$ cat protein-v8.txt   # compact mmCIF, C-alpha atoms and all ligand atoms
# COMPACT_ATOMS: atom_id res chain seq x y z
CA MET A 1 -5.19 1.41 -24.63
CA THR A 2 -3.99 3.88 -22.02
CA TYR A 3 -4.60 7.61 -21.59
CA ALA A 4 -1.15 8.17 -20.09
CA SER A 5 0.27 10.89 -22.31
CA GLY A 6 3.79 11.29 -20.95
CA LEU A 7 6.03 11.65 -17.93
CA ARG A 8 6.83 14.78 -15.94
CA CYS A 9 9.40 15.70 -13.30
CA ARG A 10 7.68 16.41 -9.99
CA GLU A 11 10.34 19.00 -9.07
CA CYS A 12 11.07 21.09 -12.19
CA GLY A 13 8.16 20.07 -14.45
CA HIS A 14 10.37 18.90 -17.35
CA ASP A 15 8.38 16.67 -19.74
CA TYR A 16 9.46 13.26 -21.03
CA GLU A 17 8.00 10.67 -23.36
CA ILE A 18 6.75 7.40 -21.87
CA ALA A 19 9.87 5.29 -21.19
CA PRO A 20 11.37 3.19 -18.38
CA ILE A 21 12.98 6.17 -16.61
CA TYR A 22 12.53 7.39 -13.04
CA THR A 23 14.68 10.47 -12.38
CA CYS A 24 14.85 13.81 -14.13
CA GLU A 25 17.96 14.42 -16.28
CA TRP A 26 17.85 18.10 -15.32
CA CYS A 27 17.34 18.10 -11.56
CA PHE A 28 17.35 14.41 -10.48
CA GLY A 29 13.77 14.88 -9.21
CA PRO A 30 11.28 11.98 -9.26
CA ILE A 31 9.20 11.41 -12.37
CA GLU A 32 5.43 10.98 -12.50
CA VAL A 33 2.97 9.79 -15.16
CA VAL A 34 0.70 12.45 -16.70
CA TYR A 35 -2.67 11.74 -18.34
CA ASP A 36 -5.04 13.23 -20.85
CA TYR A 37 -7.83 13.80 -18.33
CA ASP A 38 -10.23 15.25 -20.91
CA ALA A 39 -9.99 12.03 -22.91
CA ILE A 40 -10.49 9.95 -19.75
CA ARG A 41 -13.52 12.04 -18.78
CA ALA A 42 -15.04 11.29 -22.19
CA ALA A 43 -14.25 7.56 -21.92
CA VAL A 44 -15.17 6.61 -18.35
CA SER A 45 -18.48 6.15 -16.58
CA ARG A 46 -19.63 4.48 -13.38
CA GLU A 47 -21.48 1.91 -15.50
CA LYS A 48 -18.42 1.04 -17.60
CA ILE A 49 -16.37 0.53 -14.46
CA ALA A 50 -19.07 -1.62 -12.84
CA ALA A 51 -19.12 -3.83 -15.95
CA GLY A 52 -15.34 -4.35 -15.81
CA PRO A 53 -13.39 -7.18 -14.18
CA ASP A 54 -13.34 -7.70 -10.39
CA SER A 55 -9.74 -6.51 -10.21
CA ILE A 56 -7.77 -3.27 -10.48
CA TRP A 57 -8.23 -3.51 -14.26
CA ARG A 58 -11.81 -2.23 -13.99
CA TYR A 59 -10.00 1.16 -13.64
CA ALA A 60 -7.70 0.59 -16.64
CA ASP A 61 -8.71 3.95 -18.15
CA LEU A 62 -7.03 5.65 -15.17
CA LEU A 63 -3.87 3.52 -15.21
CA PRO A 64 -0.68 3.89 -17.28
CA ALA A 65 -0.69 0.36 -18.79
CA ASP A 66 -2.78 -1.19 -21.51
CA GLY A 67 -5.64 -2.96 -19.73
CA ASP A 68 -6.25 -5.28 -22.70
CA VAL A 69 -2.95 -7.11 -22.27
CA ALA A 70 -2.64 -6.68 -18.52
CA VAL A 71 -0.89 -9.08 -16.16
CA ASP A 72 -3.88 -10.09 -14.06
CA LEU A 73 -3.72 -12.48 -11.11
CA GLY A 74 -6.83 -10.83 -9.70
CA ALA A 75 -5.21 -8.04 -7.70
CA GLY A 76 -7.62 -5.58 -6.15
CA PHE A 77 -11.38 -5.24 -5.70
CA THR A 78 -10.92 -6.39 -2.10
CA PRO A 79 -13.70 -6.05 0.49
CA LEU A 80 -14.51 -2.79 2.26
CA VAL A 81 -15.90 -3.97 5.60
CA ARG A 82 -17.93 -1.88 8.05
CA ALA A 83 -16.10 -2.21 11.39
CA ASP A 84 -18.67 -1.32 14.07
CA ARG A 85 -17.09 -3.41 16.81
CA LEU A 86 -13.66 -1.87 16.27
CA ALA A 87 -15.27 1.58 16.13
CA ALA A 88 -17.04 0.97 19.45
CA ALA A 89 -13.80 -0.21 21.08
CA LEU A 90 -12.12 3.04 20.03
CA GLY A 91 -15.02 5.38 20.78
CA LEU A 92 -15.50 6.14 17.08
CA GLY A 93 -18.58 6.23 14.84
CA GLU A 94 -18.33 5.03 11.23
CA VAL A 95 -15.16 3.03 10.56
CA TRP A 96 -14.47 0.87 7.53
CA ILE A 97 -11.62 -1.58 6.93
CA LYS A 98 -10.22 -1.84 3.40
CA ASN A 99 -9.13 -5.47 3.62
CA ASP A 100 -6.18 -5.75 1.26
CA THR A 101 -4.97 -8.92 2.98
CA LEU A 102 -7.17 -10.70 0.42
CA ASN A 103 -5.00 -10.01 -2.63
CA PRO A 104 -3.39 -12.85 -4.64
CA THR A 105 -0.18 -12.76 -2.58
CA ASN A 106 -1.92 -11.28 0.46
CA SER A 107 -0.68 -7.72 0.36
CA PHE A 108 -1.51 -4.47 -1.39
CA LYS A 109 1.72 -4.83 -3.41
CA ASP A 110 -0.17 -6.95 -5.97
CA ARG A 111 -1.83 -3.74 -7.17
CA VAL A 112 1.41 -1.95 -7.94
CA VAL A 113 3.16 -5.02 -9.33
CA ALA A 114 0.29 -5.84 -11.71
CA VAL A 115 0.66 -2.37 -13.24
CA ALA A 116 4.49 -2.42 -13.24
CA LEU A 117 4.79 -5.81 -14.93
CA SER A 118 2.08 -5.01 -17.48
CA LYS A 119 4.12 -1.95 -18.42
CA ALA A 120 7.33 -4.01 -18.38
CA LEU A 121 5.82 -6.39 -20.95
CA GLU A 122 4.79 -3.44 -23.12
CA PHE A 123 8.37 -2.12 -22.95
CA GLY A 124 9.62 -5.57 -24.03
CA PHE A 125 11.49 -6.53 -20.84
CA LYS A 126 12.15 -10.25 -20.29
CA THR A 127 13.16 -10.06 -16.62
CA ALA A 128 11.45 -8.47 -13.62
CA ALA A 129 13.40 -7.43 -10.53
CA CYS A 130 12.95 -5.48 -7.30
CA ALA A 131 14.38 -4.40 -3.98
CA SER A 132 11.95 -5.47 -1.31
CA THR A 133 11.15 -5.55 2.40
CA GLY A 134 9.29 -8.80 1.64
CA ASN A 135 5.82 -8.22 0.24
CA LEU A 136 7.02 -6.74 -3.02
CA ALA A 137 9.33 -9.73 -3.58
CA ASN A 138 6.37 -12.04 -2.98
CA SER A 139 4.24 -10.25 -5.48
CA VAL A 140 6.92 -9.78 -8.16
CA ALA A 141 7.81 -13.48 -8.03
CA ALA A 142 4.17 -14.52 -8.41
CA HIS A 143 3.24 -12.06 -11.16
CA ALA A 144 6.48 -12.78 -13.07
CA ALA A 145 5.66 -16.51 -12.99
CA HIS A 146 2.14 -15.76 -14.26
CA ALA A 147 3.44 -13.48 -17.03
CA GLY A 148 6.26 -15.81 -18.12
CA LEU A 149 8.98 -13.37 -17.06
CA LYS A 150 12.23 -14.29 -15.32
CA SER A 151 12.66 -12.69 -11.91
CA TYR A 152 15.38 -11.54 -9.52
CA VAL A 153 14.19 -10.25 -6.18
CA PHE A 154 16.57 -8.73 -3.62
CA VAL A 155 15.68 -8.79 0.07
CA PRO A 156 17.47 -8.08 3.37
CA ALA A 157 18.91 -11.37 4.67
CA ASP A 158 17.18 -10.93 8.08
CA LEU A 159 13.69 -11.07 6.54
CA GLU A 160 10.99 -13.27 8.15
CA ALA A 161 11.49 -16.89 6.99
CA GLY A 162 7.86 -17.06 5.87
CA LYS A 163 8.34 -14.26 3.39
CA ILE A 164 11.36 -16.00 1.79
CA VAL A 165 9.45 -19.29 1.40
CA THR A 166 6.35 -17.66 -0.07
CA THR A 167 8.56 -15.89 -2.61
CA ALA A 168 10.95 -18.71 -3.52
CA VAL A 169 8.06 -21.10 -4.20
CA TYR A 170 7.29 -19.24 -7.45
CA GLY A 171 10.64 -20.32 -8.87
CA GLY A 172 12.41 -17.02 -9.53
CA ASN A 173 15.77 -16.01 -8.06
CA VAL A 174 15.65 -14.80 -4.46
CA VAL A 175 18.80 -12.91 -3.49
CA ALA A 176 19.27 -12.39 0.27
CA VAL A 177 21.55 -9.40 0.82
CA ASP A 178 23.56 -8.83 4.00
CA GLY A 179 22.26 -5.37 4.82
CA ASN A 180 19.04 -3.45 5.49
CA TYR A 181 16.46 -2.40 2.92
CA ASP A 182 18.26 0.83 2.11
CA ASP A 183 21.42 -1.15 1.30
CA VAL A 184 19.37 -3.49 -0.91
CA ASN A 185 17.76 -0.53 -2.65
CA ARG A 186 21.12 1.11 -3.34
CA LEU A 187 22.42 -2.15 -4.83
CA CYS A 188 19.35 -2.39 -7.06
CA ALA A 189 19.77 1.18 -8.31
CA GLU A 190 23.32 0.17 -9.39
CA LEU A 191 22.16 -3.11 -10.94
CA ALA A 192 19.44 -1.26 -12.85
CA GLY A 193 22.21 0.60 -14.67
CA ALA A 194 24.03 -2.64 -15.49
CA TYR A 195 21.24 -5.06 -16.52
CA PRO A 196 18.36 -4.57 -18.97
CA TRP A 197 15.73 -5.57 -16.42
CA ALA A 198 12.47 -4.04 -15.27
CA PHE A 199 13.18 -3.10 -11.65
CA VAL A 200 9.63 -2.44 -10.51
CA ASN A 201 10.65 0.10 -7.87
CA VAL A 202 13.54 1.64 -9.80
CA ASN A 203 13.23 2.17 -13.57
CA VAL A 204 9.50 1.38 -13.82
CA ARG A 205 8.67 3.02 -10.46
CA PRO A 206 6.60 5.85 -12.01
CA PHE A 207 4.21 3.22 -13.46
CA TYR A 208 4.35 0.95 -10.41
CA ALA A 209 3.37 3.80 -8.08
CA GLU A 210 0.19 4.50 -10.07
CA GLY A 211 -1.24 1.10 -9.09
CA SER A 212 -1.75 2.43 -5.55
CA LYS A 213 -4.38 4.86 -6.82
CA THR A 214 -6.79 1.93 -7.16
CA LEU A 215 -7.07 1.89 -3.34
CA ALA A 216 -8.80 5.27 -3.59
CA TYR A 217 -10.93 4.33 -6.62
CA GLU A 218 -12.26 1.16 -4.99
CA VAL A 219 -13.12 2.80 -1.70
CA ALA A 220 -15.07 5.54 -3.50
CA GLU A 221 -16.91 3.02 -5.69
CA GLN A 222 -17.66 0.76 -2.71
CA LEU A 223 -19.08 3.73 -0.77
CA GLY A 224 -21.50 4.39 -3.63
CA TRP A 225 -19.24 6.93 -5.36
CA GLU A 226 -18.66 8.96 -2.23
CA THR A 227 -15.39 9.63 -0.46
CA PRO A 228 -14.56 9.09 3.20
CA ASP A 229 -13.89 12.04 5.53
CA HIS A 230 -10.66 10.57 6.84
CA VAL A 231 -8.28 7.77 5.80
CA VAL A 232 -5.46 6.20 7.80
CA VAL A 233 -2.63 4.84 5.66
CA PRO A 234 0.59 2.97 6.52
CA MET A 235 3.82 4.52 5.19
CA ALA A 236 7.06 2.90 4.06
CA SER A 237 8.39 5.06 1.20
CA GLY A 238 5.25 7.22 1.53
CA SER A 239 4.19 6.47 -2.05
CA LEU A 240 0.93 4.67 -1.21
CA LEU A 241 -0.30 7.58 0.92
CA THR A 242 0.35 10.16 -1.79
CA LYS A 243 -1.33 8.03 -4.46
CA ILE A 244 -4.49 7.48 -2.42
CA ASP A 245 -4.80 11.26 -2.20
CA LYS A 246 -4.13 11.59 -5.94
CA GLY A 247 -6.69 8.86 -6.71
CA PHE A 248 -9.58 10.64 -4.93
CA ARG A 249 -8.75 13.91 -6.71
CA GLU A 250 -8.58 12.23 -10.12
CA LEU A 251 -12.04 10.70 -9.69
CA HIS A 252 -13.45 14.19 -9.38
CA LYS A 253 -11.34 15.49 -12.26
CA VAL A 254 -12.76 12.87 -14.64
CA GLY A 255 -16.35 13.38 -13.50
CA LEU A 256 -16.88 10.20 -11.45
CA LEU A 257 -17.60 12.09 -8.19
CA ASP A 258 -20.39 14.63 -7.79
CA ARG A 259 -18.56 16.69 -5.19
CA GLU A 260 -14.95 17.76 -4.81
CA PRO A 261 -13.45 15.29 -2.32
CA GLU A 262 -12.29 16.56 1.05
CA VAL A 263 -10.44 13.59 2.50
CA ARG A 264 -8.17 14.07 5.50
CA VAL A 265 -5.18 11.79 5.04
CA SER A 266 -3.30 10.51 8.10
CA GLY A 267 -0.08 8.47 8.03
CA ALA A 268 1.10 5.57 10.19
CA GLN A 269 4.65 4.44 10.98
CA ALA A 270 6.37 2.21 13.50
CA LEU A 271 8.46 4.10 16.06
CA GLY A 272 11.45 1.90 15.17
CA CYS A 273 11.39 3.30 11.62
CA SER A 274 9.51 6.59 11.58
CA PRO A 275 11.45 9.15 9.55
CA ILE A 276 8.28 10.64 8.00
CA ALA A 277 6.20 10.67 11.21
CA LYS A 278 9.13 12.18 13.11
CA ALA A 279 9.42 15.05 10.63
CA TRP A 280 5.66 15.63 11.02
CA LEU A 281 5.80 15.53 14.82
CA ASP A 282 8.82 17.88 14.82
CA GLY A 283 7.21 20.26 12.33
CA ALA A 284 10.27 19.80 10.10
CA ASP A 285 10.45 20.08 6.31
CA THR A 286 13.32 17.69 5.79
CA ILE A 287 13.31 13.98 6.47
CA LYS A 288 16.30 12.56 8.32
CA PRO A 289 17.13 8.98 7.28
CA VAL A 290 17.11 6.41 10.10
CA LYS A 291 18.36 2.85 10.67
CA PRO A 292 15.24 0.68 10.99
CA SER A 293 14.60 -1.47 14.05
CA THR A 294 10.99 -2.66 14.26
CA ILE A 295 8.85 -5.77 13.88
CA ALA A 296 7.00 -3.93 11.10
CA LYS A 297 9.56 -4.99 8.50
CA SER A 298 7.35 -4.34 5.49
CA LEU A 299 7.36 -0.64 6.43
CA ALA A 300 11.06 -0.51 7.36
CA ILE A 301 12.39 2.00 4.82
CA GLY A 302 14.84 4.29 6.60
CA ASN A 303 15.27 6.71 3.70
CA PRO A 304 11.77 7.13 2.23
CA ALA A 305 11.71 8.32 -1.40
CA ASP A 306 8.25 9.93 -1.18
CA GLY A 307 8.50 11.10 2.42
CA TYR A 308 8.45 14.78 1.53
CA PHE A 309 5.36 14.39 -0.67
CA ALA A 310 3.60 12.36 2.05
CA LEU A 311 4.27 15.15 4.58
CA ASP A 312 2.83 17.64 2.14
CA VAL A 313 -0.39 15.62 1.61
CA VAL A 314 -0.94 15.11 5.35
CA ARG A 315 -0.36 18.80 6.09
CA SER A 316 -2.50 20.11 3.25
CA THR A 317 -5.46 17.79 3.99
CA GLY A 318 -5.50 18.39 7.76
CA GLY A 319 -4.44 14.85 8.67
CA ALA A 320 -1.90 13.75 11.25
CA MET A 321 0.77 11.12 11.82
CA ALA A 322 1.83 8.84 14.65
CA ALA A 323 4.79 6.58 15.39
CA VAL A 324 3.72 3.53 17.41
CA THR A 325 5.75 1.07 19.47
CA ASP A 326 6.16 -2.63 18.73
CA ASP A 327 3.97 -3.44 21.78
CA GLU A 328 1.21 -1.19 20.43
CA ILE A 329 1.54 -2.93 17.04
CA VAL A 330 1.01 -6.40 18.55
CA ALA A 331 -1.90 -5.18 20.70
CA ALA A 332 -3.49 -3.59 17.63
CA ILE A 333 -3.17 -6.79 15.56
CA GLN A 334 -5.06 -8.56 18.36
CA LEU A 335 -7.65 -5.77 18.66
CA LEU A 336 -8.47 -5.94 14.94
CA ALA A 337 -8.59 -9.75 14.94
CA ARG A 338 -10.81 -9.88 18.05
CA THR A 339 -13.25 -7.17 17.04
CA GLU A 340 -13.51 -7.78 13.30
CA GLY A 341 -12.13 -11.25 12.52
CA ILE A 342 -9.42 -9.79 10.28
CA PHE A 343 -5.85 -10.96 10.82
CA ALA A 344 -3.35 -8.32 9.72
CA GLU A 345 0.41 -8.39 9.46
CA THR A 346 2.53 -5.99 11.52
CA ALA A 347 1.91 -3.14 9.03
CA GLY A 348 -1.81 -3.49 9.76
CA GLY A 349 -0.98 -3.35 13.46
CA VAL A 350 0.85 -0.09 12.82
CA THR A 351 -2.21 1.34 11.08
CA VAL A 352 -4.77 0.26 13.69
CA ALA A 353 -2.48 1.42 16.53
CA THR A 354 -2.21 4.79 14.78
CA LEU A 355 -6.01 4.93 14.40
CA LYS A 356 -6.26 4.28 18.17
CA ARG A 357 -3.75 7.03 18.99
CA LEU A 358 -5.44 9.53 16.69
CA ALA A 359 -8.88 8.63 18.08
CA GLU A 360 -7.62 9.19 21.64
CA ALA A 361 -6.13 12.53 20.61
CA GLY A 362 -9.44 13.58 19.03
CA VAL A 363 -7.84 13.87 15.57
CA VAL A 364 -9.95 11.07 14.08
CA ARG A 365 -13.43 12.07 15.23
CA PRO A 366 -16.58 10.00 15.93
CA ASP A 367 -18.54 12.08 13.39
CA GLU A 368 -16.14 11.22 10.56
CA ARG A 369 -16.54 8.37 8.08
CA THR A 370 -13.07 6.83 8.43
CA VAL A 371 -11.39 4.22 6.22
CA VAL A 372 -8.43 2.25 7.54
CA TYR A 373 -6.16 0.58 4.98
CA ILE A 374 -5.07 -2.92 6.09
CA THR A 375 -2.37 -3.77 3.59
CA GLY A 376 -0.98 -7.22 4.47
CA HIS A 377 -2.08 -10.58 5.91
CA GLY A 378 -1.19 -11.77 9.42
CA LEU A 379 0.17 -15.11 8.20
CA LYS A 380 3.10 -13.16 6.74
CA THR A 381 4.32 -12.10 10.20
CA LEU A 382 3.19 -14.94 12.47
CA ASP A 383 6.27 -14.54 14.67
CA ALA A 384 4.93 -11.21 15.94
CA VAL A 385 1.92 -12.84 17.61
CA VAL A 386 3.28 -16.27 18.57
CA PRO A 387 4.13 -15.04 22.11
CA VAL A 388 0.61 -13.69 22.70
CA ALA A 389 -1.64 -16.20 20.90
CA GLY A 390 -1.58 -19.77 22.21
CA PRO A 391 -4.13 -22.34 23.41
CA THR A 392 -6.54 -21.06 26.08
CA ALA A 393 -5.84 -24.28 28.01
CA THR A 394 -4.11 -27.61 27.40
CA ILE A 395 -6.01 -30.55 28.92
CA PRO A 396 -6.15 -34.34 28.92
CA PRO A 397 -8.99 -35.77 26.76
CA THR A 398 -11.63 -36.07 29.53
CA ILE A 399 -14.78 -34.10 30.29
CA GLU A 400 -13.63 -33.75 33.90
CA ALA A 401 -10.45 -32.04 32.81
CA PHE A 402 -12.42 -29.67 30.60
CA THR A 403 -14.90 -28.72 33.34
CA ALA A 404 -12.03 -28.23 35.77
CA ALA A 405 -10.27 -25.90 33.33
CA PHE A 406 -13.34 -23.95 32.19
CA ASP A 407 -16.00 -22.52 34.43
CA VAL A 408 -18.67 -22.41 31.71
CA GLU A 409 -21.88 -20.80 32.94
CA GLU A 410 -23.32 -18.99 29.96
CA GLN A 411 -24.51 -20.51 26.67
C1 LIG A 501 4.85 -1.62 0.79
C2 LIG A 501 3.84 -1.63 1.84
C3 LIG A 501 3.17 -0.47 2.28
C4 LIG A 501 3.41 0.96 1.80
O1 LIG A 501 4.48 1.21 1.05
P1 LIG A 501 4.87 2.63 0.43
O2 LIG A 501 6.32 2.44 0.11
O3 LIG A 501 4.66 3.68 1.48
O4 LIG A 501 4.04 2.85 -0.77
C5 LIG A 501 2.16 -0.61 3.22
N1 LIG A 501 1.84 -1.82 3.73
C6 LIG A 501 2.46 -2.94 3.35
C7 LIG A 501 2.04 -4.23 3.98
C8 LIG A 501 3.46 -2.90 2.39
O5 LIG A 501 4.05 -4.05 2.02
ZN ZN A 502 13.43 17.89 -12.95
$ encode --input "protein-v8.txt" --output "structure tokens"
Amino acid sequence: MTYASGLRCRECGHDYEIAPIYTCEWCFGPIEVVYDYDAIRAAVSREKIAAGPDSIWRYADLLPADGDVAVDLGAGFTPLVRADRLAAALGLGEVWIKNDTLNPTNSFKDRVVAVALSKALEFGFKTAACASTGNLANSVAAHAAHAGLKSYVFVPADLEAGKIVTTAVYGGNVVAVDGNYDDVNRLCAELAGAYPWAFVNVNVRPFYAEGSKTLAYEVAEQLGWETPDHVVVPMASGSLLTKIDKGFRELHKVGLLDREPEVRVSGAQALGCSPIAKAWLDGADTIKPVKPSTIAKSLAIGNPADGYFALDVVRSTGGAMAAVTDDEIVAAIQLLARTEGIFAETAGGVTVATLKRLAEAGVVRPDERTVVYITGHGLKTLDAVVPVAGPTATIPPTIEAFTAAFDVEEQ
């Protein structure tokens, strides 16, 4: 069962019953799931969660889908790794990496898709669909295959070849659209009115978005039911960042945290697509849409739906934002790989490069317990590092050639 009790407009507060809807009839504002927190408080405990599955469904009581019939490929419960070598390289103290590269389709999107498709099954949909910058398509195709749903995923035609292959292999329909993500998204909003499909980021978006909260729940549980002082989060639409903030607050509301959390939330974007970070840096209240041009394609949303809410969270928690260059992204992928043995996609490079910038600026401080969200695997964006990661030397198969090439003195 679920403790979701309804839907509510985030702008005007109008209430709706649970249904596959995403904008308010009255003001066109975005719609959010509301819960019966008193009932959740009575139902949950740290022990019950610990006894649950090693996936996001251990937090089913805090999610808007029925955990008993959930679509479960094993999304979530990924490692939280203490990153002392990265911390030392950046002059920081206690840094942790939330390694979401280790999800079933190697990105954090498995969390949101598992919730969206579980809800889609409850609503009786037979087909799953989405607009995607790549990772969402991957995840929808895989979870739809697992759940026995048909799928149509729409992606920009210039997407990395690897992301098309790893989506098409699951057997759904992959539609490459001549245009950028915002064009694809507009097309999907139109198609959602014409076909009775569950578009995970259109008509079931309110449920989809809730899956991101599990990235707060897990971090708190893995830190022994404590919260970090500071988190650094990549932003595309800005949804993930706002839901991590919401997740920490909910844990306190339902009695799972002893103290009210005070988590500074900082946001990361690539300079080539940084509408939210630019508004923050300019001190502006409105977000100006941009045309994306960056190697961080999974974050390349030029007109971010939750940008305003992300700005609000970062401002109200005392966080910060940065917009980092493609060169900084590649250098940060290498830094994380070389210090911690974790290979991140370009979005992870954006996040680590932002951590570096904020550490240099004194915004992320050495006395803070900081969690960095690494949301996608490096094998998804190999092209980004091909120019900088090759053989150390190429030699003929003789010991003489090796000793000539390498001056090995130490052990
Ligand atoms: C989708 C995505 C995000 C964040 O997306 P939001 O739209 O801001 O919720 C972050 N990292 C990766 C790798 C993604 O695919
Ligand atoms: Zn409204």
$ closest_residue --input "protein-v8.txt" --among "A:Glu368, A:Asp72, A:Asp178, A:Glu32" --to "A:Tyr16" --atoms "only C-alpha atoms"
A:Glu32
$ residues_near_point --input "protein-v8.txt" --point "(-7.4, 5.2, 15.7)" --cutoff "10 Å" --atoms "all atoms listed in the file" --output "mmCIF file with C-alpha atoms, in the frame of the given file"
data_model
loop_
_atom_site.group_PDB
_atom_site.id
_atom_site.type_symbol
_atom_site.label_atom_id
_atom_site.label_comp_id
_atom_site.auth_asym_id
_atom_site.auth_seq_id
_atom_site.Cartn_x
_atom_site.Cartn_y
_atom_site.Cartn_z
ATOM 1 C CA LEU A 86 -13.660 -1.870 16.270
ATOM 2 C CA ALA A 87 -15.270 1.580 16.130
ATOM 3 C CA ALA A 89 -13.800 -0.210 21.080
ATOM 4 C CA LEU A 90 -12.120 3.040 20.030
ATOM 5 C CA GLY A 91 -15.020 5.380 20.780
ATOM 6 C CA LEU A 92 -15.500 6.140 17.080
ATOM 7 C CA VAL A 95 -15.160 3.030 10.560
ATOM 8 C CA VAL A 232 -5.460 6.200 7.800
ATOM 9 C CA ALA A 322 1.830 8.840 14.650
ATOM 10 C CA ALA A 332 -3.490 -3.590 17.630
ATOM 11 C CA THR A 351 -2.210 1.340 11.080
ATOM 12 C CA VAL A 352 -4.770 0.260 13.690
ATOM 13 C CA ALA A 353 -2.480 1.420 16.530
ATOM 14 C CA THR A 354 -2.210 4.790 14.780
ATOM 15 C CA LEU A 355 -6.010 4.930 14.400
ATOM 16 C CA LYS A 356 -6.260 4.280 18.170
ATOM 17 C CA ARG A 357 -3.750 7.030 18.990
ATOM 18 C CA LEU A 358 -5.440 9.530 16.690
ATOM 19 C CA ALA A 359 -8.880 8.630 18.080
ATOM 20 C CA GLU A 360 -7.620 9.190 21.640
ATOM 21 C CA ALA A 361 -6.130 12.530 20.610
ATOM 22 C CA GLY A 362 -9.440 13.580 19.030
ATOM 23 C CA VAL A 363 -7.840 13.870 15.570
ATOM 24 C CA VAL A 364 -9.950 11.070 14.080
ATOM 25 C CA ARG A 365 -13.430 12.070 15.230
ATOM 26 C CA THR A 370 -13.070 6.830 8.430
ATOM 27 C CA VAL A 372 -8.430 2.250 7.540
#
$ residues_around --input "protein-v8.txt" --residues "A:Gly76" --least-positions-apart "4" --cutoff "9 Å" --atoms "only C-alpha atoms" --output "ChimeraX atom specification"
/A:54-57,100,102-104,108,110-111,214-215,218
$ closest_atom_pairs --input "protein-v8.txt" --of "chain A" --to "ligand LIG 501 (chain A)" --cutoff "9 Å" --atoms "all atoms listed in the file" --output "tab-separated table"
residue	atom	partner	partner_atom	distance
A:Asp100	CA	A:LIG501	C7	8.8
A:Thr101	CA	A:LIG501	C7	8.5
A:Asn106	CA	A:LIG501	C7	8.8
A:Ser107	CA	A:LIG501	C7	5.7
A:Phe108	CA	A:LIG501	C6	6.4
A:Lys109	CA	A:LIG501	O5	6.0
A:Ser132	CA	A:LIG501	C1	8.3
A:Thr133	CA	A:LIG501	O5	7.3
A:Gly134	CA	A:LIG501	O5	7.1
A:Asn135	CA	A:LIG501	O5	4.9
A:Leu136	CA	A:LIG501	O5	6.4
A:Ala209	CA	A:LIG501	O4	7.4
A:Ser212	CA	A:LIG501	O4	7.5
A:Val233	CA	A:LIG501	C5	7.7
A:Pro234	CA	A:LIG501	C5	5.1
A:Met235	CA	A:LIG501	O3	3.9
A:Ala236	CA	A:LIG501	O3	3.6
A:Ser237	CA	A:LIG501	O2	3.5
A:Gly238	CA	A:LIG501	O3	3.6
A:Ser239	CA	A:LIG501	O4	3.8
A:Leu240	CA	A:LIG501	O4	3.6
A:Leu241	CA	A:LIG501	O3	6.3
A:Thr242	CA	A:LIG501	O4	8.3
A:Lys243	CA	A:LIG501	O4	8.3
A:Ala296	CA	A:LIG501	C7	8.7
A:Lys297	CA	A:LIG501	O5	8.6
A:Ser298	CA	A:LIG501	O5	4.8
A:Leu299	CA	A:LIG501	C2	5.9
A:Ile301	CA	A:LIG501	O2	7.7
A:Pro304	CA	A:LIG501	O2	7.5
A:Ala305	CA	A:LIG501	O2	8.1
A:Asp306	CA	A:LIG501	O3	7.7
A:Gly307	CA	A:LIG501	O3	8.4
A:Ala310	CA	A:LIG501	O3	8.8
A:Ala344	CA	A:LIG501	C7	8.9
A:Glu345	CA	A:LIG501	C7	7.1
A:Thr346	CA	A:LIG501	C7	7.8
A:Ala347	CA	A:LIG501	C7	5.2
A:Gly348	CA	A:LIG501	C7	7.0
A:Thr351	CA	A:LIG501	N1	9.0
A:Tyr373	CA	A:LIG501	N1	8.4
A:Ile374	CA	A:LIG501	N1	7.4
A:Thr375	CA	A:LIG501	C7	4.5
A:Gly376	CA	A:LIG501	C7	4.3
A:His377	CA	A:LIG501	C7	7.8
$ atom_distance --input "protein-v8.txt" --atom1 "atom CA of A:Val204" --atom2 "atom CA of A:Pro275"
24.7 Å
$ residues_near_ligand --input "protein-v8.txt" --ligand "ligand ZN 502 (chain A)" --cutoff "6 Å" --atoms "only C-alpha atoms and all ligand atoms" --output "list in words"
Cys9, Glu11, Cys12, Gly13, His14, Cys24, Trp26, Cys27, Phe28 and Gly29 of chain A
$ closest_residue --input "protein-v8.txt" --among "A:Val324, A:Ala168, A:Ala401, A:Val200" --to "A:Ala129" --atoms "all atoms listed in the file"
A:Val200
$ atom_distance --input "protein-v8.txt" --atom1 "atom CA of A:Val175" --atom2 "atom CA of A:Asn138"
12.5 Å
$ closest_residue --input "protein-v8.txt" --among "A:Glu409, A:Ala65, A:Asp367, A:Ile295" --to "A:Glu94" --atoms "only C-alpha atoms"
A:Asp367
$ residues_around --input "protein-v8.txt" --residues "stretch 143-160 of chain A" --least-positions-apart "6" --cutoff "7 Å" --atoms "all atoms listed in the file" --output "compact mmCIF listing (two decimals) with C-alpha atoms, in the coordinates of the input"
# COMPACT_ATOMS: atom_id res chain seq x y z
CA VAL A 71 -0.89 -9.08 -16.16
CA LEU A 73 -3.72 -12.48 -11.11
CA ALA A 114 0.29 -5.84 -11.71
CA LYS A 126 12.15 -10.25 -20.29
CA THR A 127 13.16 -10.06 -16.62
CA ALA A 128 11.45 -8.47 -13.62
CA ALA A 129 13.40 -7.43 -10.53
CA CYS A 130 12.95 -5.48 -7.30
CA ALA A 131 14.38 -4.40 -3.98
CA SER A 132 11.95 -5.47 -1.31
CA THR A 133 11.15 -5.55 2.40
CA GLY A 134 9.29 -8.80 1.64
CA ALA A 137 9.33 -9.73 -3.58
CA TYR A 170 7.29 -19.24 -7.45
CA GLY A 172 12.41 -17.02 -9.53
CA ASN A 173 15.77 -16.01 -8.06
CA VAL A 174 15.65 -14.80 -4.46
CA VAL A 175 18.80 -12.91 -3.49
CA ALA A 176 19.27 -12.39 0.27
CA VAL A 177 21.55 -9.40 0.82
CA ASP A 178 23.56 -8.83 4.00
CA GLY A 179 22.26 -5.37 4.82
CA ASN A 180 19.04 -3.45 5.49
CA TYR A 181 16.46 -2.40 2.92
CA VAL A 184 19.37 -3.49 -0.91
